[in-house]
file run_2.cif (mmCIF, C-alpha atoms)
data_input
#
loop_
_atom_site.label_atom_id
_atom_site.label_comp_id
_atom_site.auth_asym_id
_atom_site.auth_seq_id
_atom_site.Cartn_x
_atom_site.Cartn_y
_atom_site.Cartn_z
CA LYS A 29 10.85 40.31 19.56
CA THR A 30 9.60 36.98 20.77
CA SER A 31 6.03 36.20 20.54
CA LEU A 32 3.13 38.48 20.37
CA ASP A 33 2.11 39.18 23.97
CA LEU A 34 2.85 35.72 25.38
CA LYS A 35 4.16 35.66 28.90
CA LEU A 36 7.42 33.69 28.85
CA GLY A 37 8.52 31.56 31.78
CA LYS A 38 11.97 30.17 32.40
CA LYS A 39 14.21 28.88 29.62
CA VAL A 40 13.87 25.08 29.63
CA ASN A 41 16.52 24.37 27.05
CA GLU A 42 18.81 25.95 24.50
CA GLY A 43 20.19 24.22 21.44
CA LYS A 44 22.42 25.34 18.58
CA THR A 45 19.53 26.79 16.59
CA LYS A 46 16.65 27.30 19.07
CA GLU A 47 15.58 28.16 22.61
CA VAL A 48 12.69 26.59 24.51
CA TYR A 49 10.67 28.56 27.10
CA GLU A 50 7.95 27.58 29.55
CA LEU A 51 4.56 29.30 29.10
CA PRO A 52 3.05 30.00 32.55
CA ASP A 53 -0.38 30.81 31.02
CA MET A 54 -0.42 27.58 28.98
CA PRO A 55 0.45 24.69 31.30
CA GLY A 56 1.84 21.71 29.41
CA CYS A 57 3.05 23.91 26.53
CA VAL A 58 6.37 25.52 25.60
CA LEU A 59 7.51 28.16 23.12
CA MET A 60 10.07 27.04 20.52
CA GLN A 61 12.04 30.13 19.51
CA SER A 62 14.34 29.76 16.46
CA LYS A 63 17.69 31.56 16.12
CA ASP A 64 19.40 33.11 13.09
CA GLN A 65 22.17 30.56 13.40
CA ILE A 66 23.33 27.84 11.01
CA THR A 67 25.74 25.11 12.13
CA ALA A 68 27.42 22.01 10.72
CA GLY A 69 29.50 19.19 12.17
CA ASN A 70 28.17 19.57 15.72
CA ALA A 71 28.78 23.34 15.53
CA ALA A 72 32.40 22.92 14.42
CA ARG A 73 31.26 25.41 11.78
CA LYS A 74 28.68 28.01 12.75
CA ASP A 75 27.52 31.27 11.25
CA ARG A 76 24.83 33.85 11.70
CA MET A 77 22.41 33.80 8.79
CA GLU A 78 20.06 36.79 8.84
CA GLY A 79 16.43 35.64 8.51
CA LYS A 80 17.12 31.94 9.15
CA ALA A 81 14.89 31.84 12.26
CA ALA A 82 11.85 32.93 10.24
CA ILE A 83 12.64 30.53 7.37
CA SER A 84 13.12 27.64 9.78
CA ASN A 85 9.91 28.45 11.66
CA THR A 86 7.86 28.63 8.43
CA THR A 87 9.27 25.31 7.25
CA THR A 88 8.67 23.50 10.55
CA SER A 89 5.16 24.94 10.99
CA CYS A 90 4.05 23.83 7.50
CA VAL A 91 5.57 20.36 7.81
CA PHE A 92 4.04 19.75 11.24
CA GLN A 93 0.67 21.06 10.06
CA LEU A 94 0.74 18.65 7.11
CA LEU A 95 1.61 15.69 9.35
CA GLN A 96 -0.90 16.68 12.02
CA GLU A 97 -3.75 17.03 9.52
CA ALA A 98 -2.83 13.61 8.13
CA GLY A 99 -3.28 12.14 11.62
CA ILE A 100 0.32 11.79 12.85
CA LYS A 101 0.68 12.57 16.56
CA THR A 102 3.01 15.55 16.97
CA ALA A 103 3.94 18.08 19.66
CA PHE A 104 3.07 21.02 17.39
CA VAL A 105 0.22 23.27 18.61
CA ARG A 106 0.38 26.39 16.41
CA LYS A 107 2.65 28.97 14.82
CA GLN A 108 2.92 31.89 17.22
CA SER A 109 5.06 34.47 15.41
CA ASP A 110 7.47 34.72 12.47
CA THR A 111 10.20 33.01 14.46
CA ALA A 112 8.43 30.91 17.10
CA PHE A 113 5.78 28.22 17.52
CA ILE A 114 3.94 26.71 20.48
CA ALA A 115 4.40 22.99 21.19
CA ALA A 116 3.31 20.49 23.80
CA HIS A 117 5.95 20.18 26.51
CA CYS A 118 7.81 16.92 25.94
CA GLU A 119 10.65 15.09 27.57
CA MET A 120 12.86 14.42 24.56
CA ILE A 121 14.18 10.94 23.78
CA PRO A 122 17.88 11.53 22.92
CA ILE A 123 17.84 9.63 19.64
CA GLU A 124 17.99 11.01 16.11
CA TRP A 125 15.98 8.75 13.83
CA VAL A 126 17.16 8.85 10.23
CA CYS A 127 15.17 7.48 7.31
CA ARG A 128 16.89 7.12 3.93
CA ARG A 129 15.52 6.44 0.46
CA ILE A 130 18.84 7.10 -1.32
CA ALA A 131 22.36 6.25 -0.10
CA THR A 132 24.47 9.40 0.27
CA GLY A 133 26.40 11.33 2.92
CA SER A 134 27.55 9.55 6.09
CA PHE A 135 25.93 6.27 5.02
CA LEU A 136 28.54 5.92 2.25
CA LYS A 137 31.41 6.52 4.70
CA ARG A 138 30.05 3.91 7.10
CA ASN A 139 29.32 1.40 4.32
CA PRO A 140 32.24 1.49 1.88
CA GLY A 141 31.47 -0.17 -1.43
CA VAL A 142 27.90 1.13 -1.61
CA LYS A 143 27.59 3.56 -4.52
CA GLU A 144 25.94 6.95 -4.07
CA GLY A 145 22.37 6.81 -5.36
CA TYR A 146 21.66 3.23 -4.20
CA LYS A 147 17.91 3.11 -3.43
CA PHE A 148 16.42 1.46 -0.36
CA TYR A 149 13.06 -0.35 -0.63
CA PRO A 150 11.58 -0.03 1.97
CA PRO A 151 13.41 3.10 3.15
CA LYS A 152 16.27 2.39 5.55
CA ILE A 153 15.94 3.37 9.21
CA GLU A 154 19.00 4.21 11.33
CA MET A 155 19.35 5.73 14.78
CA PHE A 156 22.01 7.87 16.40
CA TYR A 157 22.44 8.60 20.11
CA LYS A 158 22.61 12.35 20.74
CA ASP A 159 26.05 12.83 22.26
CA ASP A 160 28.02 15.80 20.89
CA ALA A 161 31.22 14.79 22.66
CA ASN A 162 31.26 11.48 20.75
CA ASN A 163 29.83 12.84 17.48
CA ASP A 164 26.39 11.20 17.85
CA PRO A 165 27.37 7.50 17.56
CA GLN A 166 25.11 5.15 15.61
CA TRP A 167 23.10 2.89 17.91
CA SER A 168 21.34 -0.40 17.38
CA GLU A 169 17.83 -1.20 18.56
CA GLU A 170 19.38 -3.46 21.20
CA GLN A 171 21.48 -0.61 22.63
CA LEU A 172 18.40 1.59 22.85
CA ILE A 173 16.42 -1.09 24.68
CA GLU A 174 19.34 -1.94 27.01
CA ALA A 175 19.74 1.77 27.91
CA LYS A 176 16.45 1.34 29.87
CA PHE A 177 15.52 4.98 29.32
CA CYS A 178 12.51 6.48 31.06
CA PHE A 179 11.10 9.83 29.91
CA GLY A 180 7.96 11.63 31.04
CA GLY A 181 7.04 8.58 33.10
CA LEU A 182 7.26 6.22 30.09
CA SER A 183 9.82 3.41 30.01
CA ILE A 184 11.36 2.98 26.57
CA GLY A 185 11.19 -0.74 25.78
CA GLN A 186 10.69 -2.88 22.68
CA THR A 187 7.13 -1.61 22.06
CA GLU A 188 8.18 2.06 22.18
CA VAL A 189 11.21 1.44 19.94
CA ASP A 190 9.00 -0.38 17.41
CA ILE A 191 6.47 2.48 17.47
CA MET A 192 9.20 5.09 16.82
CA ALA A 193 10.76 3.03 14.00
CA ARG A 194 7.39 2.43 12.32
CA SER A 195 6.41 6.10 12.76
CA THR A 196 9.72 7.28 11.27
CA GLN A 197 9.05 5.33 8.08
CA ALA A 198 5.46 6.60 7.79
CA ILE A 199 6.49 10.23 8.39
CA PHE A 200 9.23 9.94 5.77
CA GLU A 201 6.85 8.39 3.21
CA ILE A 202 4.20 11.08 3.75
CA LEU A 203 6.75 13.87 3.24
CA GLU A 204 8.35 12.08 0.29
CA LYS A 205 4.92 11.86 -1.38
CA ALA A 206 4.17 15.52 -0.54
CA TRP A 207 7.36 16.71 -2.31
CA GLN A 208 6.73 14.67 -5.48
CA PRO A 209 4.23 17.11 -7.09
CA GLN A 210 7.00 19.77 -6.82
CA ASN A 211 9.29 17.40 -8.75
CA CYS A 212 11.51 17.25 -5.68
CA THR A 213 13.11 14.09 -4.27
CA LEU A 214 13.20 13.68 -0.49
CA VAL A 215 16.48 11.80 -0.13
CA ASP A 216 16.57 11.32 3.65
CA LEU A 217 15.08 12.76 6.84
CA LYS A 218 16.18 13.18 10.46
CA ILE A 219 13.55 13.42 13.23
CA GLU A 220 13.23 13.20 17.00
CA PHE A 221 10.50 11.99 19.34
CA GLY A 222 9.50 13.08 22.82
CA VAL A 223 7.10 11.92 25.49
CA ASN A 224 4.24 14.41 25.95
CA ILE A 225 4.37 15.13 29.70
CA LEU A 226 0.56 15.44 29.94
CA THR A 227 -0.62 12.49 27.81
CA LYS A 228 2.47 10.27 28.39
CA GLU A 229 2.48 9.26 24.73
CA ILE A 230 5.29 9.28 22.20
CA VAL A 231 4.90 12.11 19.70
CA LEU A 232 6.97 13.57 16.88
CA ALA A 233 8.68 16.57 18.50
CA ASP A 234 11.52 19.09 18.04
CA VAL A 235 11.53 20.63 14.52
CA ILE A 236 11.57 19.50 10.89
CA ASP A 237 13.21 22.26 8.88
CA ASN A 238 15.78 22.57 6.10
CA ASP A 239 18.48 21.19 8.44
CA SER A 240 16.47 17.97 8.83
CA TRP A 241 16.51 16.53 5.31
CA ARG A 242 18.17 16.34 1.91
CA LEU A 243 16.07 17.68 -0.97
CA TRP A 244 17.14 17.22 -4.58
CA PRO A 245 15.02 18.99 -7.21
CA ALA A 246 14.42 16.62 -10.15
CA GLY A 247 16.40 14.00 -8.18
CA ASP A 248 19.62 15.84 -9.09
CA ARG A 249 22.17 16.15 -6.30
CA SER A 250 23.91 19.12 -7.94
CA GLN A 251 20.71 21.15 -7.40
CA GLN A 252 20.48 20.37 -3.64
CA LYS A 253 18.47 22.92 -1.67
CA ASP A 254 19.09 21.69 1.90
CA LYS A 255 21.74 22.34 4.56
CA GLN A 256 24.21 20.14 2.68
CA SER A 257 24.88 23.19 0.47
CA TYR A 258 26.29 24.87 3.64
CA ARG A 259 28.24 21.78 4.79
CA ASP A 260 29.87 21.55 1.34
CA LEU A 261 31.27 25.12 1.36
CA LYS A 262 35.08 25.22 1.08
CA GLU A 263 35.02 28.55 2.91
CA VAL A 264 32.17 30.65 4.25
CA THR A 265 32.10 33.99 2.43
CA PRO A 266 29.20 36.48 2.50
CA GLU A 267 28.40 35.46 -1.12
CA ALA A 268 28.43 31.76 -0.19
CA LEU A 269 26.06 32.40 2.75
CA GLN A 270 23.72 34.30 0.39
CA MET A 271 23.61 31.25 -1.88
CA VAL A 272 22.77 29.01 1.10
CA LYS A 273 20.10 31.47 2.24
CA ARG A 274 18.52 31.50 -1.24
CA ASN A 275 18.29 27.69 -1.05
CA PHE A 276 16.58 27.90 2.35
CA GLU A 277 14.13 30.51 1.02
CA TRP A 278 13.38 28.31 -2.01
CA VAL A 279 12.37 25.52 0.38
CA ALA A 280 10.32 27.80 2.68
CA GLU A 281 8.32 29.11 -0.31
CA ARG A 282 7.57 25.64 -1.63
CA VAL A 283 6.86 24.01 1.72
CA GLU A 284 3.62 26.01 1.92
CA LEU A 285 2.50 24.28 -1.28
CA LEU A 286 2.76 20.91 0.52
CA LEU A 287 -0.49 21.85 2.28
CA LYS A 288 -2.35 22.18 -1.03
CA THR A 289 -3.14 19.83 -3.89
CA LYS A 290 -4.08 20.57 -7.48
CA SER A 291 -6.03 17.37 -7.81
CA GLN A 292 -9.65 17.37 -6.67
CA GLY A 293 -12.14 14.54 -6.49
CA ARG A 294 -15.56 13.70 -5.11
CA VAL A 295 -17.74 10.77 -4.19
CA VAL A 296 -21.33 10.64 -5.44
CA VAL A 297 -23.54 8.23 -3.53
CA LEU A 298 -26.61 7.07 -5.44
CA MET A 299 -29.27 5.42 -3.29
CA GLY A 300 -32.18 3.44 -4.70
CA SER A 301 -34.53 4.67 -1.99
CA PRO A 302 -34.54 7.39 0.70
CA SER A 303 -34.95 4.60 3.28
CA ASP A 304 -31.22 3.94 2.79
CA LEU A 305 -30.27 7.44 3.95
CA SER A 306 -28.67 6.50 7.29
CA HIS A 307 -26.39 3.98 5.52
CA CYS A 308 -25.39 6.67 3.00
CA GLU A 309 -24.75 9.27 5.72
CA LYS A 310 -22.09 6.90 7.12
CA ILE A 311 -20.33 6.88 3.73
CA LYS A 312 -20.44 10.69 3.63
CA LYS A 313 -19.07 10.99 7.16
CA ALA A 314 -16.19 8.61 6.38
CA CYS A 315 -15.39 10.54 3.18
CA ALA A 316 -15.10 13.72 5.27
CA THR A 317 -12.33 12.13 7.37
CA PHE A 318 -10.27 11.88 4.17
CA GLY A 319 -11.18 15.43 3.14
CA ILE A 320 -13.22 14.15 0.17
CA PRO A 321 -16.47 15.99 -0.75
CA CYS A 322 -19.46 13.66 -0.99
CA GLU A 323 -22.91 14.21 -2.49
CA LEU A 324 -26.00 12.08 -1.89
CA ARG A 325 -28.63 11.46 -4.61
CA VAL A 326 -31.78 9.32 -4.83
CA THR A 327 -32.41 7.41 -8.06
CA SER A 328 -33.63 3.92 -8.98
CA ALA A 329 -32.15 2.13 -11.99
CA HIS A 330 -35.22 -0.12 -12.08
CA LYS A 331 -37.94 2.52 -11.75
CA GLY A 332 -36.27 5.43 -13.56
CA PRO A 333 -33.28 4.33 -15.64
CA ASP A 334 -33.41 7.48 -17.80
CA GLU A 335 -33.14 9.66 -14.66
CA THR A 336 -30.24 7.55 -13.31
CA LEU A 337 -28.32 8.06 -16.56
CA ARG A 338 -29.16 11.78 -16.58
CA ILE A 339 -27.72 12.18 -13.05
CA LYS A 340 -24.64 10.23 -14.13
CA ALA A 341 -24.13 12.58 -17.11
CA GLU A 342 -24.31 15.59 -14.78
CA TYR A 343 -21.22 14.39 -12.90
CA GLU A 344 -19.31 13.26 -15.98
CA GLY A 345 -19.50 16.60 -17.72
CA ASP A 346 -17.69 18.96 -15.34
CA GLY A 347 -14.24 17.36 -15.34
CA ILE A 348 -14.06 16.58 -11.60
CA PRO A 349 -12.77 13.02 -11.00
CA THR A 350 -15.66 11.10 -9.45
CA VAL A 351 -16.20 7.75 -7.75
CA PHE A 352 -19.83 6.57 -7.75
CA VAL A 353 -21.09 4.49 -4.82
CA ALA A 354 -24.27 2.51 -5.56
CA VAL A 355 -26.45 1.84 -2.52
CA ALA A 356 -29.30 -0.51 -3.43
CA GLY A 357 -30.43 -3.34 -1.21
CA ARG A 358 -32.90 -5.83 -2.60
CA SER A 359 -32.03 -6.29 -6.22
CA ASN A 360 -29.03 -4.11 -7.00
CA GLY A 361 -29.55 -2.93 -10.56
CA LEU A 362 -28.03 0.46 -9.73
CA GLY A 363 -24.35 -0.52 -9.54
CA PRO A 364 -24.31 -2.72 -12.65
CA VAL A 365 -26.31 -0.18 -14.74
CA MET A 366 -23.91 2.61 -13.69
CA SER A 367 -20.88 0.42 -14.33
CA GLY A 368 -22.11 -0.44 -17.82
CA ASN A 369 -22.62 3.23 -18.70
CA THR A 370 -19.70 5.17 -17.23
CA ALA A 371 -15.92 4.99 -17.44
CA TYR A 372 -15.67 6.30 -13.86
CA PRO A 373 -15.18 3.80 -11.00
CA VAL A 374 -18.36 2.44 -9.40
CA VAL A 375 -18.41 0.57 -6.07
CA ASN A 376 -21.44 -1.27 -4.64
CA CYS A 377 -22.24 -0.78 -0.97
CA PRO A 378 -25.60 -2.52 -0.47
CA PRO A 379 -27.40 -2.09 2.89
CA LEU A 380 -28.24 -5.72 3.66
CA SER A 381 -31.23 -6.67 5.76
CA ALA A 382 -31.08 -9.49 8.29
CA ASP A 383 -33.87 -11.55 6.70
CA TRP A 384 -32.94 -11.48 2.98
CA GLY A 385 -29.35 -10.22 3.04
CA THR A 386 -27.70 -13.51 2.07
CA GLN A 387 -29.89 -13.77 -1.07
CA ASP A 388 -29.80 -10.05 -1.95
CA VAL A 389 -26.01 -9.73 -1.92
CA TRP A 390 -25.73 -11.90 -5.04
CA SER A 391 -27.27 -9.17 -7.18
CA SER A 392 -24.20 -7.06 -6.33
CA LEU A 393 -21.68 -9.87 -6.74
CA ARG A 394 -22.91 -11.67 -9.90
CA LEU A 395 -22.43 -9.16 -12.72
CA PRO A 396 -22.94 -9.51 -16.49
CA SER A 397 -19.65 -9.67 -18.41
CA GLY A 398 -17.94 -6.39 -19.24
CA LEU A 399 -18.88 -4.74 -15.93
CA SER A 400 -16.69 -4.10 -12.92
CA CYS A 401 -18.13 -2.73 -9.73
CA PRO A 402 -16.54 -4.23 -6.64
CA THR A 403 -18.75 -4.71 -3.59
CA THR A 404 -17.96 -3.72 -0.04
CA LEU A 405 -20.57 -4.07 2.71
CA SER A 406 -19.03 -1.51 5.05
CA PRO A 407 -19.90 2.17 4.42
CA GLU A 408 -16.48 3.15 5.81
CA GLY A 409 -14.89 0.61 3.45
CA ALA A 410 -16.59 2.23 0.43
CA ALA A 411 -15.20 5.64 1.46
CA GLN A 412 -11.74 4.17 1.98
CA PHE A 413 -11.82 2.51 -1.45
CA ALA A 414 -12.63 5.90 -3.02
CA ALA A 415 -9.84 7.52 -0.97
CA GLN A 416 -7.34 4.94 -2.25
CA ILE A 417 -8.29 5.84 -5.83
CA PHE A 418 -7.91 9.60 -5.21
CA GLY A 419 -4.76 9.03 -3.14
CA LEU A 420 -2.95 7.89 -6.29
CA ASN A 421 -2.53 11.53 -7.30
CA ASN A 422 -3.56 13.50 -4.22
CA HIS A 423 -0.82 13.45 -1.57
CA LEU A 424 -3.08 14.87 1.15
CA VAL A 425 -5.57 12.00 0.84
CA TRP A 426 -2.70 9.49 0.60
CA ALA A 427 -1.17 10.95 3.79
CA LYS A 428 -4.40 10.30 5.70
CA LEU A 429 -4.52 6.70 4.46
CA ARG A 430 -0.87 6.14 5.39
CA SER A 431 -1.38 7.70 8.80
CA ASN A 432 -4.48 5.52 9.45
CA MET A 433 -2.40 2.40 8.75
CA LEU A 434 0.25 3.58 11.21
CA ASN A 435 -2.24 4.49 13.96
CA THR A 436 -4.07 1.16 13.64
CA TRP A 437 -0.75 -0.67 13.92
CA ILE A 438 0.25 1.39 16.98
CA SER A 439 -3.05 0.80 18.78
CA LEU A 440 -2.74 -3.00 18.26
CA LYS A 441 0.86 -2.87 19.50
CA GLN A 442 -0.18 -0.95 22.63
CA ALA A 443 -3.15 -3.24 23.27
CA ASP A 444 -0.81 -6.24 23.10
CA LYS A 445 1.63 -4.60 25.55
CA LYS A 446 -1.21 -3.79 27.95
CA LEU A 447 -2.57 -7.33 27.81
CA ARG A 448 0.86 -8.86 28.46
CA GLU A 449 1.39 -6.54 31.45
CA CYS A 450 -1.95 -7.64 32.93
CA THR A 451 -1.14 -11.32 32.41
CA LEU A 452 2.34 -11.02 33.87
#
call {"tool": "encode", "arguments": {"input": "run_2.cif", "output": "structure tokens"}}
result
Amino acid sequence: KTSLDLKLGKKVNEGKTKEVYELPDMPGCVLMQSKDQITAGNAARKDRMEGKAAISNTTTSCVFQLLQEAGIKTAFVRKQSDTAFIAAHCEMIPIEWVCRRIATGSFLKRNPGVKEGYKFYPPKIEMFYKDDANNDPQWSEEQLIEAKFCFGGLSIGQTEVDIMARSTQAIFEILEKAWQPQNCTLVDLKIEFGVNILTKEIVLADVIDNDSWRLWPAGDRSQQKDKQSYRDLKEVTPEALQMVKRNFEWVAERVELLLKTKSQGRVVVLMGSPSDLSHCEKIKKACATFGIPCELRVTSAHKGPDETLRIKAEYEGDGIPTVFVAVAGRSNGLGPVMSGNTAYPVVNCPPLSADWGTQDVWSSLRLPSGLSCPTTLSPEGAAQFAAQIFGLNNHLVWAKLRSNMLNTWISLKQADKKLRECTL
């Protein structure tokens, strides 16, 4: 029943809704096996819900795949069967991180006077210490630091707490954005982190399934599709459980759509001369990291303006949103001519030479009136600018941008910690 021909080792852990097994043939990995069980109020209420394990596994696998492809570090390795997935073996940090966009649920009980529906900008981060006997008390950052936890050989101090808090917000925002095209509001989210025992780094671990969030289609609480519909039951009848199950199935069907986007886009790099090819290849490579197709063309606005405008017309006529990047060094006529003749965005990315660069750059910066093509000297910067334009209505591109911001911030934070440790 478990997973297709995988040799299972000993059971490492068992929770209310899943079991975790060692995998002798895959050192450093575990199997996360879901159960057909649904619980609420620290298992004060629990029921068997036929098919829940498969629904939960589908939901978690899609969500982790989305986050992983965006660039978030997670424990997820791959979906193994209908009801199980393989993950990196982590020592779990016993904190539930909660991120809220809209005030509802326990927040209202703990903060009387706040009306349901109050919106948090930025989203609000809270943490709860995992302790069933005491109903998972809310903790402050100070309590977490003073607990002096150490997991997987990593001491949990200020840096690690900051990384988890910052990651929680980014993960929430990526999933919030991913649900928007389905006209679904992500109200709040609960996640957990672990320390990967092999790499010793903090990663998003455990599961993210329909027990982990509140989802309101069209922002309407009465249509809720998450586990709250189970918590709210006056009594659990077979009919009531069927209704809850239909909600869970609704989510599992739509969660697969989070990995797709209707909106497409492309970057077309126009170079004035084939000698600029290596500069243009860098733009293309950077576009690929955002999942944006990129085409390279050679055309000179000085020596063949009719051909430049013909190439432009080719890309305007097929309905695919396009950002043009003009790569012309000496006297950049390419960007301004394109900008004056298309309604699509144009960005200049001139390859400057050491000897004349300071003079040449002015041809990209000083434009006739009525034109707008910004100039960036970095090929990666030109690709990122295009990605930011496409990210406005493509949640997969936006997720990569958001994840890049997070990972840059984390690497600076870790570099600072390392430097301080050396100096001390």
call {"tool": "closest_atom_pairs", "arguments": {"input": "run_2.cif", "of": "stretch 294-356 of chain A", "to": "stretch 82-104 of chain A", "cutoff": "10 Å", "atoms": "only C-alpha atoms", "output": "tab-separated table"}}
result
residue	atom	partner	partner_atom	distance
A:Thr317	CA	A:Ala98	CA	9.6
A:Phe318	CA	A:Ala98	CA	8.6
A:Gly319	CA	A:Ala98	CA	9.9
call {"tool": "write_last_selection", "arguments": {"input": "run_2.cif", "atoms": "C-alpha atoms", "output": "CSV table (one decimal), in the coordinates of the input"}}
result
chain,number,residue,atom,x,y,z
A,317,THR,CA,-12.3,12.1,7.4
A,318,PHE,CA,-10.3,11.9,4.2
A,319,GLY,CA,-11.2,15.4,3.1
call {"tool": "resolve_selection", "arguments": {"input": "run_2.cif", "expression": "the PyMOL selection byres ((chain A and resi 314) around 8)", "output": "list in words"}}
result
Lys310, Ile311, Lys312, Lys313, Cys315, Ala316, Thr317, Phe318, Pro407, Glu408, Ala411 and Gln412 of chain A
call {"tool": "resolve_selection", "arguments": {"input": "run_2.cif", "expression": "the PyMOL selection byres ((chain A and resi 282) around 12)", "output": "ChimeraX atom specification"}}
result
/A:83,86-87,90-91,206-212,238,243,245,253,275-281,283-288
call {"tool": "resolve_selection", "arguments": {"input": "run_2.cif", "expression": "the PyMOL selection byres ((chain A and resi 160) around 12)", "output": "list in words"}}
result
Gly43, Lys44, Ala68, Gly69, Asn70, Ala71, Ala72, Pro122, Ile123, Phe156, Tyr157, Lys158, Asp159, Ala161, Asn162, Asn163, Asp164 and Pro165 of chain A
call {"tool": "axis_aligned_box", "arguments": {"input": "run_2.cif", "around": "stretch 173-183 of chain A", "padding_each_side": "4 Å", "output": "AutoDock Vina command-line options"}}
result
--center_x 13.4 --center_y 4.8 --center_z 28.9 --size_x 20.7 --size_y 21.6 --size_z 16.4
call {"tool": "closest_residue", "arguments": {"input": "run_2.cif", "among": "A:Val126, A:Arg138, A:Ala443, A:Asn224", "to": "A:Cys57", "atoms": "all atoms listed in the file"}}
result
A:Asn224
call {"tool": "residues_around", "arguments": {"input": "run_2.cif", "residues": "stretch 379-388 of chain A", "least_positions_apart": "2", "cutoff": "7 Å", "atoms": "all atoms listed in the file", "output": "list in words"}}
result
His307, Val355, Ala356, Gly357, Arg358, Ser359, Cys377, Trp390 and Ser391 of chain A
call {"tool": "write_last_selection", "arguments": {"input": "run_2.cif", "atoms": "C-alpha atoms", "output": "tab-separated table (two decimals), in the frame of the given file"}}
result
chain	number	residue	atom	x	y	z
A	307	HIS	CA	-26.39	3.98	5.52
A	355	VAL	CA	-26.45	1.84	-2.52
A	356	ALA	CA	-29.30	-0.51	-3.43
A	357	GLY	CA	-30.43	-3.34	-1.21
A	358	ARG	CA	-32.90	-5.83	-2.60
A	359	SER	CA	-32.03	-6.29	-6.22
A	377	CYS	CA	-22.24	-0.78	-0.97
A	390	TRP	CA	-25.73	-11.90	-5.04
A	391	SER	CA	-27.27	-9.17	-7.18
call {"tool": "closest_residue", "arguments": {"input": "run_2.cif", "among": "A:Ile320, A:Leu452, A:Val389, A:Ala329", "to": "A:Val365", "atoms": "only C-alpha atoms"}}
result
A:Ala329
call {"tool": "atom_distance", "arguments": {"input": "run_2.cif", "atom1": "atom CA of A:Arg394", "atom2": "atom CA of A:Gly368"}}
result
13.8 Å
call {"tool": "residues_around", "arguments": {"input": "run_2.cif", "residues": "stretch 258-260 of chain A", "least_positions_apart": "4", "cutoff": "12 Å", "atoms": "all atoms listed in the file", "output": "PDB file with C-alpha atoms, in the coordinates of the input"}}
result
ATOM      1  CA  ILE A  66      23.330  27.840  11.010  1.00  0.00           C
ATOM      2  CA  THR A  67      25.740  25.110  12.130  1.00  0.00           C
ATOM      3  CA  ALA A  68      27.420  22.010  10.720  1.00  0.00           C
ATOM      4  CA  GLY A  69      29.500  19.190  12.170  1.00  0.00           C
ATOM      5  CA  ASN A  70      28.170  19.570  15.720  1.00  0.00           C
ATOM      6  CA  ALA A  71      28.780  23.340  15.530  1.00  0.00           C
ATOM      7  CA  ALA A  72      32.400  22.920  14.420  1.00  0.00           C
ATOM      8  CA  ARG A  73      31.260  25.410  11.780  1.00  0.00           C
ATOM      9  CA  LYS A  74      28.680  28.010  12.750  1.00  0.00           C
ATOM     10  CA  ASP A  75      27.520  31.270  11.250  1.00  0.00           C
ATOM     11  CA  MET A  77      22.410  33.800   8.790  1.00  0.00           C
ATOM     12  CA  GLY A 133      26.400  11.330   2.920  1.00  0.00           C
ATOM     13  CA  ASN A 238      15.780  22.570   6.100  1.00  0.00           C
ATOM     14  CA  ASP A 239      18.480  21.190   8.440  1.00  0.00           C
ATOM     15  CA  ARG A 242      18.170  16.340   1.910  1.00  0.00           C
ATOM     16  CA  SER A 250      23.910  19.120  -7.940  1.00  0.00           C
ATOM     17  CA  GLN A 252      20.480  20.370  -3.640  1.00  0.00           C
ATOM     18  CA  LYS A 253      18.470  22.920  -1.670  1.00  0.00           C
ATOM     19  CA  ASP A 254      19.090  21.690   1.900  1.00  0.00           C
ATOM     20  CA  VAL A 264      32.170  30.650   4.250  1.00  0.00           C
ATOM     21  CA  THR A 265      32.100  33.990   2.430  1.00  0.00           C
ATOM     22  CA  GLU A 267      28.400  35.460  -1.120  1.00  0.00           C
ATOM     23  CA  ALA A 268      28.430  31.760  -0.190  1.00  0.00           C
ATOM     24  CA  LEU A 269      26.060  32.400   2.750  1.00  0.00           C
ATOM     25  CA  GLN A 270      23.720  34.300   0.390  1.00  0.00           C
ATOM     26  CA  MET A 271      23.610  31.250  -1.880  1.00  0.00           C
ATOM     27  CA  VAL A 272      22.770  29.010   1.100  1.00  0.00           C
ATOM     28  CA  LYS A 273      20.100  31.470   2.240  1.00  0.00           C
ATOM     29  CA  ARG A 274      18.520  31.500  -1.240  1.00  0.00           C
ATOM     30  CA  ASN A 275      18.290  27.690  -1.050  1.00  0.00           C
ATOM     31  CA  PHE A 276      16.580  27.900   2.350  1.00  0.00           C
TER      32      PHE A 276
END
call {"tool": "atom_distance", "arguments": {"input": "run_2.cif", "atom1": "atom CA of A:Ser168", "atom2": "atom CA of A:Arg128"}}
result
16.0 Å
call {"tool": "atom_distance", "arguments": {"input": "run_2.cif", "atom1": "atom CA of A:Lys39", "atom2": "atom CA of A:Phe179"}}
result
19.3 Å
call {"tool": "residues_around", "arguments": {"input": "run_2.cif", "residues": "A:Val326", "least_positions_apart": "2", "cutoff": "8 Å", "atoms": "all atoms listed in the file", "output": "ChimeraX atom specification"}}
result
/A:298-302,324,328
call {"tool": "residues_around", "arguments": {"input": "run_2.cif", "residues": "A:Tyr372", "least_positions_apart": "3", "cutoff": "12 Å", "atoms": "all atoms listed in the file", "output": "list in words"}}
result
Gly293, Arg294, Val295, Val296, Lys340, Ala341, Tyr343, Glu344, Gly345, Gly347, Ile348, Pro349, Thr350, Val351, Phe352, Val353, Gly363, Met366, Ser367, Gly368, Asn369, Val375, Leu399, Ser400, Cys401, Ala414 and Ile417 of chain A
call {"tool": "closest_residue", "arguments": {"input": "run_2.cif", "among": "A:Ser406, A:Tyr146, A:Phe413, A:Ile199", "to": "A:Val374", "atoms": "all atoms listed in the file"}}
result
A:Phe413
